[in-house]
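Note sheet for the following structure.
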Number of protein chains: 2
Amino acid sequence: VASTGAIDEFDLIARVFRPLAADHPASLGLVDDAALIDPGAGNEIVVTTDSLSEGIHFRSEDAPEIVASRALGSNISDLAAMGAIPIGYTLALAAPKSTKMDWFEAFADGLGTEQVRYETGLIGGDTTSSSGGLMITITALGCVPAGCAVRRSTAQAGNDVWVTGTIGDAALGLDILQGRLKSRTRQDRDALIERFNRPTARIAAVPLLRRFATAAIDVSDGLAADLGHIGEVSTLIADIERDAIPLSEAAQRLAEQPGTGGRALLSRVISGGDDYEIVFTAPTEDRDAIDTHAADLNLRVSRIGTVSSPTEQRPAGNVRVLDDRGEALIIDGPGGYRHFQRGPGE
Amino acid sequence: VASTGAIDEFDLIARVFRPLAADHPASLGLVDDAALIDPGAGNEIVVTTDSLSEGIHFRSEDAPEIVASRALGSNISDLAAMGAIPIGYTLALAAPKSTKMDWFEAFADGLGTEQVRYETGLIGGDTTSSSGGLMITITALGCVPAGCAVRRSTAQAGNDVWVTGTIGDAALGLDILQGRLKSRTRQDRDALIERFNRPTARIAAVPLLRRFATAAIDVSDGLAADLGHIGEVSTLIADIERDAIPLSEAAQRLAEQPGTGGRALLSRVISGGDDYEIVFTAPTEDRDAIDTHAADLNLRVSRIGTVSSPTEQRPAGNVRVLDDRGEALIIDGPGGYRHFQRGPGE
């Protein structure tokens, strides 16, 4: 236990954070040394940790509610990608002594909104001072029936590649926020920025993933890079069809807007992170069943490509984006390098 | 995923941290989005999070191995106090860009030594840059048979108060380190400093706690304060006998050394934190059984006092230290205040 300086830690926990734990039996009211989780018979526990650092993952002027949404969302997304349902989360918060009670309250409000949405709750944590900026570490715990966890390393050659939702919105939203990109309409602008600020972890996809996915990962580093991670550990390569990549209406309009579309936008869409959609592989014979099951879940899924065995030219983890003539537009490599081949018409 | 600047994060994980996870099945080799724990039939999962911040919980010049020992030890200690055996831990490490690979390697070495000692392992984590100093957040997971977790809020009026090991060594070691206290012998000096630098979380006490303890907490804030925490949530007050508080031989010699002993040393012993011993309550009828069981475990335990119902003068959480005539030497209150009454002969 440590002090955050100006603000008493016990008071901060009691007033600001205990309400987030009030309804969660595992939290034991935050009065014990640790939280206590009943996993339920036949379940395994999934655990993931992610940190957000002021000045690196968020800006000092970002609204605390947005920081909270991104911090919790990125962790819940990791649970979803493993096929797990959230149980609870711990929060380690390091804050400079100058941090105002207002900031803590708004941050806790943001967590409160998000934890209701994900049907989870705070079960423990630690608050301390930081000699630098704010540092937020969340450890999220989820459960999955034993043997049903979805891994990265178990994709099979010949599997289809699928993705939930729409891709690239968060990256385009960040570009707009940072002035690198302009949208013609305020509505599109707001929609894209919202995707960056308030990601939706795809817990809704969990039943589908458990039933059909041979491997899965959430899109946090970018569609190509994350599919590459599956390829690396499953010893496969991937081909994505450009025209199958699902774009939101706002992204579509940007792609058609003179001066913003074309190869650069495509590159941004497939390399931009923070969408928190889930890319997964599944057997080809399950195509129709996946479409039906996704429709039942009211979940958008798109089949965007295939994985296959590596070749001498294309080692495991290599990812290509192909145009409608089967020409490689973009190649993303296992070592993290990326280059853009000149397309035939450019 | 984020970069630590000068050092490539993927390289850091692969070279330095993956070896710590190599033998732990739950880590999935650190290649997935999250760790996967099989709790075992009939078990509950205990989760605790603690952060250490450079400049607050440790000094920049502290050896990385010592920082690792204290970071892991404080978390494992929380598991032990709940009656849980360690399963694994996640590590969130935020480091300034100037941090050298040497530091990471020595820190990982320290974790490696400690995790062998506690029979646990790294199962996941996150590394990122810090705009301030180093920030280490560990989340430790343990397991306990369902219904056997030891809480803080379940002590009963009339219970004995027990403590493992010896009390005050870590605080005296810190005082020596910081030049506030001098020990006559190098051996005592080293022994006390070692207790501060390399705490031993009392996993060895877990079988005893599960069987006999009505409530428990680890001594991290200080014996009086931590026993006070039990009192607050169990709605009890506590009386400790000064002469029953177990001191190490080194602390005993300091107490007898002219100029360092007396009331000030006693006060330091009962208010100093970081011992990571466990204070617990148990029914009086189990006195002999506890002594026998502790001897079987090769564990030192001492009966130091009793808990009873609060009074008008002494609200829940109040803790007194009594001399051999039953006079209150020190009173530690529920609101965290502390004052020293003038003893009869002083």
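Convention: chains lettered A, B, ... in structure tokens order; per-chain residue numbering from 1; ligands numbered from 1 as shown.
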
Excluding range 33-43 of chain A and any residue of its chain fewer than 6 positions from it, enumerate the residues within 7 Å of it, using only C-alpha atoms, and give them as a list of chain:residue names.
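Final neighbour list, sorted by chain and number: A:Ala26, A:Ser27, A:Ile123, A:Gly124, A:Cys143, A:Val144, A:Pro145, A:Ala146, B:Ala41, B:Glu44, B:Ile45, B:Val46, B:Val47, B:Thr48, B:Asp78, B:Leu79, B:Met82, B:Ile217.
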
What's the 6 Å shell around range 230-236 of chain B, counting only C-alpha atoms, without same-chain residues fewer than 4 positions away, as a PyMOL selection string?
chain B and resi 152-155+308-310+316-317

Could you find all residues in range 11-130 of chain B that DSSP calls strand (DSSP E) from the backbone, and write them as a PyMOL selection string?
chain B and resi 35-37+43-53+85-95+122-129

May I ask for the distance between CA of Pro207 in chain A and CA of Ser74 in chain A, given in Å to one decimal place?
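About the pair CA of Pro207 in chain A and CA of Ser74 in chain A: they are 19.3 Å apart.
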
Test item: residues at most 12 Å from Leu177 in chain A, only C-alpha atoms, excluding those fewer than 5 positions along its chain, as a count of residues only:
16

What residues in range 56-233 of chain B get the DSSP label helix (DSSP H, G or I)? Please answer as a ChimeraX atom specification.
/B:64-81,101-117,169-177,186-197,203-212,223-233

Could you turn the residues from that selection into a file that holds C-alpha atoms, as a PDB file, in the first residue's frame?
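Final file, out-v5.pdb:
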ATOM      1  CA  PRO B  64      17.562  -4.994  -9.970  1.00  0.00           C
ATOM      2  CA  GLU B  65      17.611  -8.455  -8.324  1.00  0.00           C
ATOM      3  CA  ILE B  66      16.474  -6.889  -5.036  1.00  0.00           C
ATOM      4  CA  VAL B  67      13.715  -4.926  -6.734  1.00  0.00           C
ATOM      5  CA  ALA B  68      12.556  -8.165  -8.361  1.00  0.00           C
ATOM      6  CA  SER B  69      12.617 -10.010  -5.042  1.00  0.00           C
ATOM      7  CA  ARG B  70      10.535  -7.372  -3.297  1.00  0.00           C
ATOM      8  CA  ALA B  71       8.082  -7.013  -6.195  1.00  0.00           C
ATOM      9  CA  LEU B  72       7.359 -10.735  -6.439  1.00  0.00           C
ATOM     10  CA  GLY B  73       7.593 -11.364  -2.678  1.00  0.00           C
ATOM     11  CA  SER B  74       4.987  -8.733  -1.770  1.00  0.00           C
ATOM     12  CA  ASN B  75       2.497 -10.286  -4.196  1.00  0.00           C
ATOM     13  CA  ILE B  76       3.159 -13.900  -3.195  1.00  0.00           C
ATOM     14  CA  SER B  77       2.767 -12.803   0.421  1.00  0.00           C
ATOM     15  CA  ASP B  78      -0.777 -11.597  -0.322  1.00  0.00           C
ATOM     16  CA  LEU B  79      -1.591 -15.026  -1.756  1.00  0.00           C
ATOM     17  CA  ALA B  80      -0.164 -16.773   1.328  1.00  0.00           C
ATOM     18  CA  ALA B  81      -2.227 -14.574   3.661  1.00  0.00           C
ATOM     19  CA  MET B 101      19.559  -4.298 -21.334  1.00  0.00           C
ATOM     20  CA  ASP B 102      21.762  -5.126 -18.300  1.00  0.00           C
ATOM     21  CA  TRP B 103      19.048  -3.859 -15.979  1.00  0.00           C
ATOM     22  CA  PHE B 104      16.355  -6.005 -17.624  1.00  0.00           C
ATOM     23  CA  GLU B 105      18.626  -9.055 -17.523  1.00  0.00           C
ATOM     24  CA  ALA B 106      19.480  -8.637 -13.836  1.00  0.00           C
ATOM     25  CA  PHE B 107      15.820  -7.985 -12.997  1.00  0.00           C
ATOM     26  CA  ALA B 108      14.798 -11.149 -14.858  1.00  0.00           C
ATOM     27  CA  ASP B 109      17.546 -13.074 -13.031  1.00  0.00           C
ATOM     28  CA  GLY B 110      16.077 -11.913  -9.738  1.00  0.00           C
ATOM     29  CA  LEU B 111      12.589 -12.991 -10.783  1.00  0.00           C
ATOM     30  CA  GLY B 112      14.017 -16.329 -11.902  1.00  0.00           C
ATOM     31  CA  THR B 113      15.570 -17.004  -8.487  1.00  0.00           C
ATOM     32  CA  GLU B 114      12.402 -16.027  -6.634  1.00  0.00           C
ATOM     33  CA  GLN B 115       9.965 -17.902  -8.850  1.00  0.00           C
ATOM     34  CA  VAL B 116      11.903 -21.139  -8.312  1.00  0.00           C
ATOM     35  CA  ARG B 117      11.740 -20.548  -4.566  1.00  0.00           C
ATOM     36  CA  ASP B 169      13.640  -6.972  10.937  1.00  0.00           C
ATOM     37  CA  ALA B 170      12.784  -5.361   7.603  1.00  0.00           C
ATOM     38  CA  ALA B 171      12.134  -1.948   9.198  1.00  0.00           C
ATOM     39  CA  LEU B 172      15.375  -2.144  11.186  1.00  0.00           C
ATOM     40  CA  GLY B 173      17.206  -3.226   8.023  1.00  0.00           C
ATOM     41  CA  LEU B 174      15.823  -0.211   6.168  1.00  0.00           C
ATOM     42  CA  ASP B 175      16.862   2.064   9.048  1.00  0.00           C
ATOM     43  CA  ILE B 176      20.394   0.670   8.839  1.00  0.00           C
ATOM     44  CA  LEU B 177      20.434   1.033   5.045  1.00  0.00           C
ATOM     45  CA  ARG B 186      28.393  -6.698  10.439  1.00  0.00           C
ATOM     46  CA  GLN B 187      26.577 -10.031  10.673  1.00  0.00           C
ATOM     47  CA  ASP B 188      23.497  -8.505  12.320  1.00  0.00           C
ATOM     48  CA  ARG B 189      23.602  -5.582   9.892  1.00  0.00           C
ATOM     49  CA  ASP B 190      23.636  -7.923   6.898  1.00  0.00           C
ATOM     50  CA  ALA B 191      20.930 -10.170   8.317  1.00  0.00           C
ATOM     51  CA  LEU B 192      18.523  -7.267   8.896  1.00  0.00           C
ATOM     52  CA  ILE B 193      19.198  -5.646   5.523  1.00  0.00           C
ATOM     53  CA  GLU B 194      18.655  -9.015   3.844  1.00  0.00           C
ATOM     54  CA  ARG B 195      15.216  -9.269   5.460  1.00  0.00           C
ATOM     55  CA  PHE B 196      14.304  -5.936   3.830  1.00  0.00           C
ATOM     56  CA  ASN B 197      15.908  -6.686   0.470  1.00  0.00           C
ATOM     57  CA  ILE B 203       3.884 -19.881   1.583  1.00  0.00           C
ATOM     58  CA  ALA B 204       5.127 -22.417   4.146  1.00  0.00           C
ATOM     59  CA  ALA B 205       2.350 -21.268   6.496  1.00  0.00           C
ATOM     60  CA  VAL B 206      -0.482 -21.957   4.026  1.00  0.00           C
ATOM     61  CA  PRO B 207      -1.453 -25.430   5.340  1.00  0.00           C
ATOM     62  CA  LEU B 208      -1.559 -24.077   8.904  1.00  0.00           C
ATOM     63  CA  LEU B 209      -3.631 -21.043   7.901  1.00  0.00           C
ATOM     64  CA  ARG B 210      -6.147 -23.110   5.953  1.00  0.00           C
ATOM     65  CA  ARG B 211      -6.628 -25.435   8.923  1.00  0.00           C
ATOM     66  CA  PHE B 212      -6.655 -23.073  11.897  1.00  0.00           C
ATOM     67  CA  LEU B 223       2.184  -5.394  12.749  1.00  0.00           C
ATOM     68  CA  ALA B 224      -0.103  -2.941  14.547  1.00  0.00           C
ATOM     69  CA  ALA B 225      -1.583  -1.408  11.387  1.00  0.00           C
ATOM     70  CA  ASP B 226      -2.194  -4.770   9.725  1.00  0.00           C
ATOM     71  CA  LEU B 227      -3.745  -6.311  12.843  1.00  0.00           C
ATOM     72  CA  GLY B 228      -5.813  -3.117  12.943  1.00  0.00           C
ATOM     73  CA  HIS B 229      -7.057  -3.885   9.404  1.00  0.00           C
ATOM     74  CA  ILE B 230      -8.320  -7.275  10.638  1.00  0.00           C
ATOM     75  CA  GLY B 231      -9.962  -5.533  13.602  1.00  0.00           C
ATOM     76  CA  GLU B 232     -11.667  -2.928  11.424  1.00  0.00           C
ATOM     77  CA  VAL B 233     -13.349  -5.430   9.102  1.00  0.00           C
TER      78      VAL B 233
END

Looking at only C-alpha atoms, which of A:Arg287, A:Asp239, A:Leu266, A:Gln257 is the one that sits closest to Ala328 in chain A?
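Of A:Arg287, A:Asp239, A:Leu266, A:Gln257, the one nearest Ala328 in chain A is A:Asp239, counting only C-alpha atoms.
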
Please identify all polymer residues within 9 Å of range 7-18 of chain A, counting only C-alpha atoms, omitting same-chain residues fewer than 3 positions from it, and present them as a PyMOL selection string.
chain A and resi 1-4+21-22+29-30+97+99-101+104-105+108-109+122+126-128

Generate the output file for the selected residues, C-alpha atoms, as a short mmCIF file (atom, residue, chain, number, x, y, z; two decimals), in the first residue's frame.
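Resulting contents of selection-v5.cif:
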data_model
loop_
_atom_site.label_atom_id
_atom_site.label_comp_id
_atom_site.auth_asym_id
_atom_site.auth_seq_id
_atom_site.Cartn_x
_atom_site.Cartn_y
_atom_site.Cartn_z
CA VAL A 1 0.00 0.00 0.00
CA ALA A 2 1.38 3.39 -0.93
CA SER A 3 0.22 6.95 -0.96
CA THR A 4 -0.52 9.12 -3.98
CA ALA A 21 -16.26 -3.32 -7.00
CA ALA A 22 -19.46 -3.17 -4.97
CA GLY A 29 -15.41 -5.52 -1.09
CA LEU A 30 -11.71 -4.68 -1.69
CA LYS A 97 0.99 13.76 -7.07
CA THR A 99 -3.40 14.49 -10.26
CA LYS A 100 -6.73 16.03 -9.25
CA MET A 101 -9.58 14.09 -7.64
CA PHE A 104 -9.80 9.97 -10.77
CA GLU A 105 -13.56 10.44 -10.61
CA ALA A 108 -13.71 5.73 -12.58
CA ASP A 109 -16.90 6.92 -14.32
CA LEU A 122 -13.28 -4.30 -10.51
CA ASP A 126 -3.21 -0.85 -6.24
CA THR A 127 -2.80 2.91 -6.39
CA THR A 128 0.54 4.62 -6.05
#

Just the number, please: distance in Å from CA of Thr214 in chain B to CA of Thr284 in chain B, one decimal.
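Interatomic distance, CA of Thr214 in chain B to CA of Thr284 in chain B: 11.1 Å.
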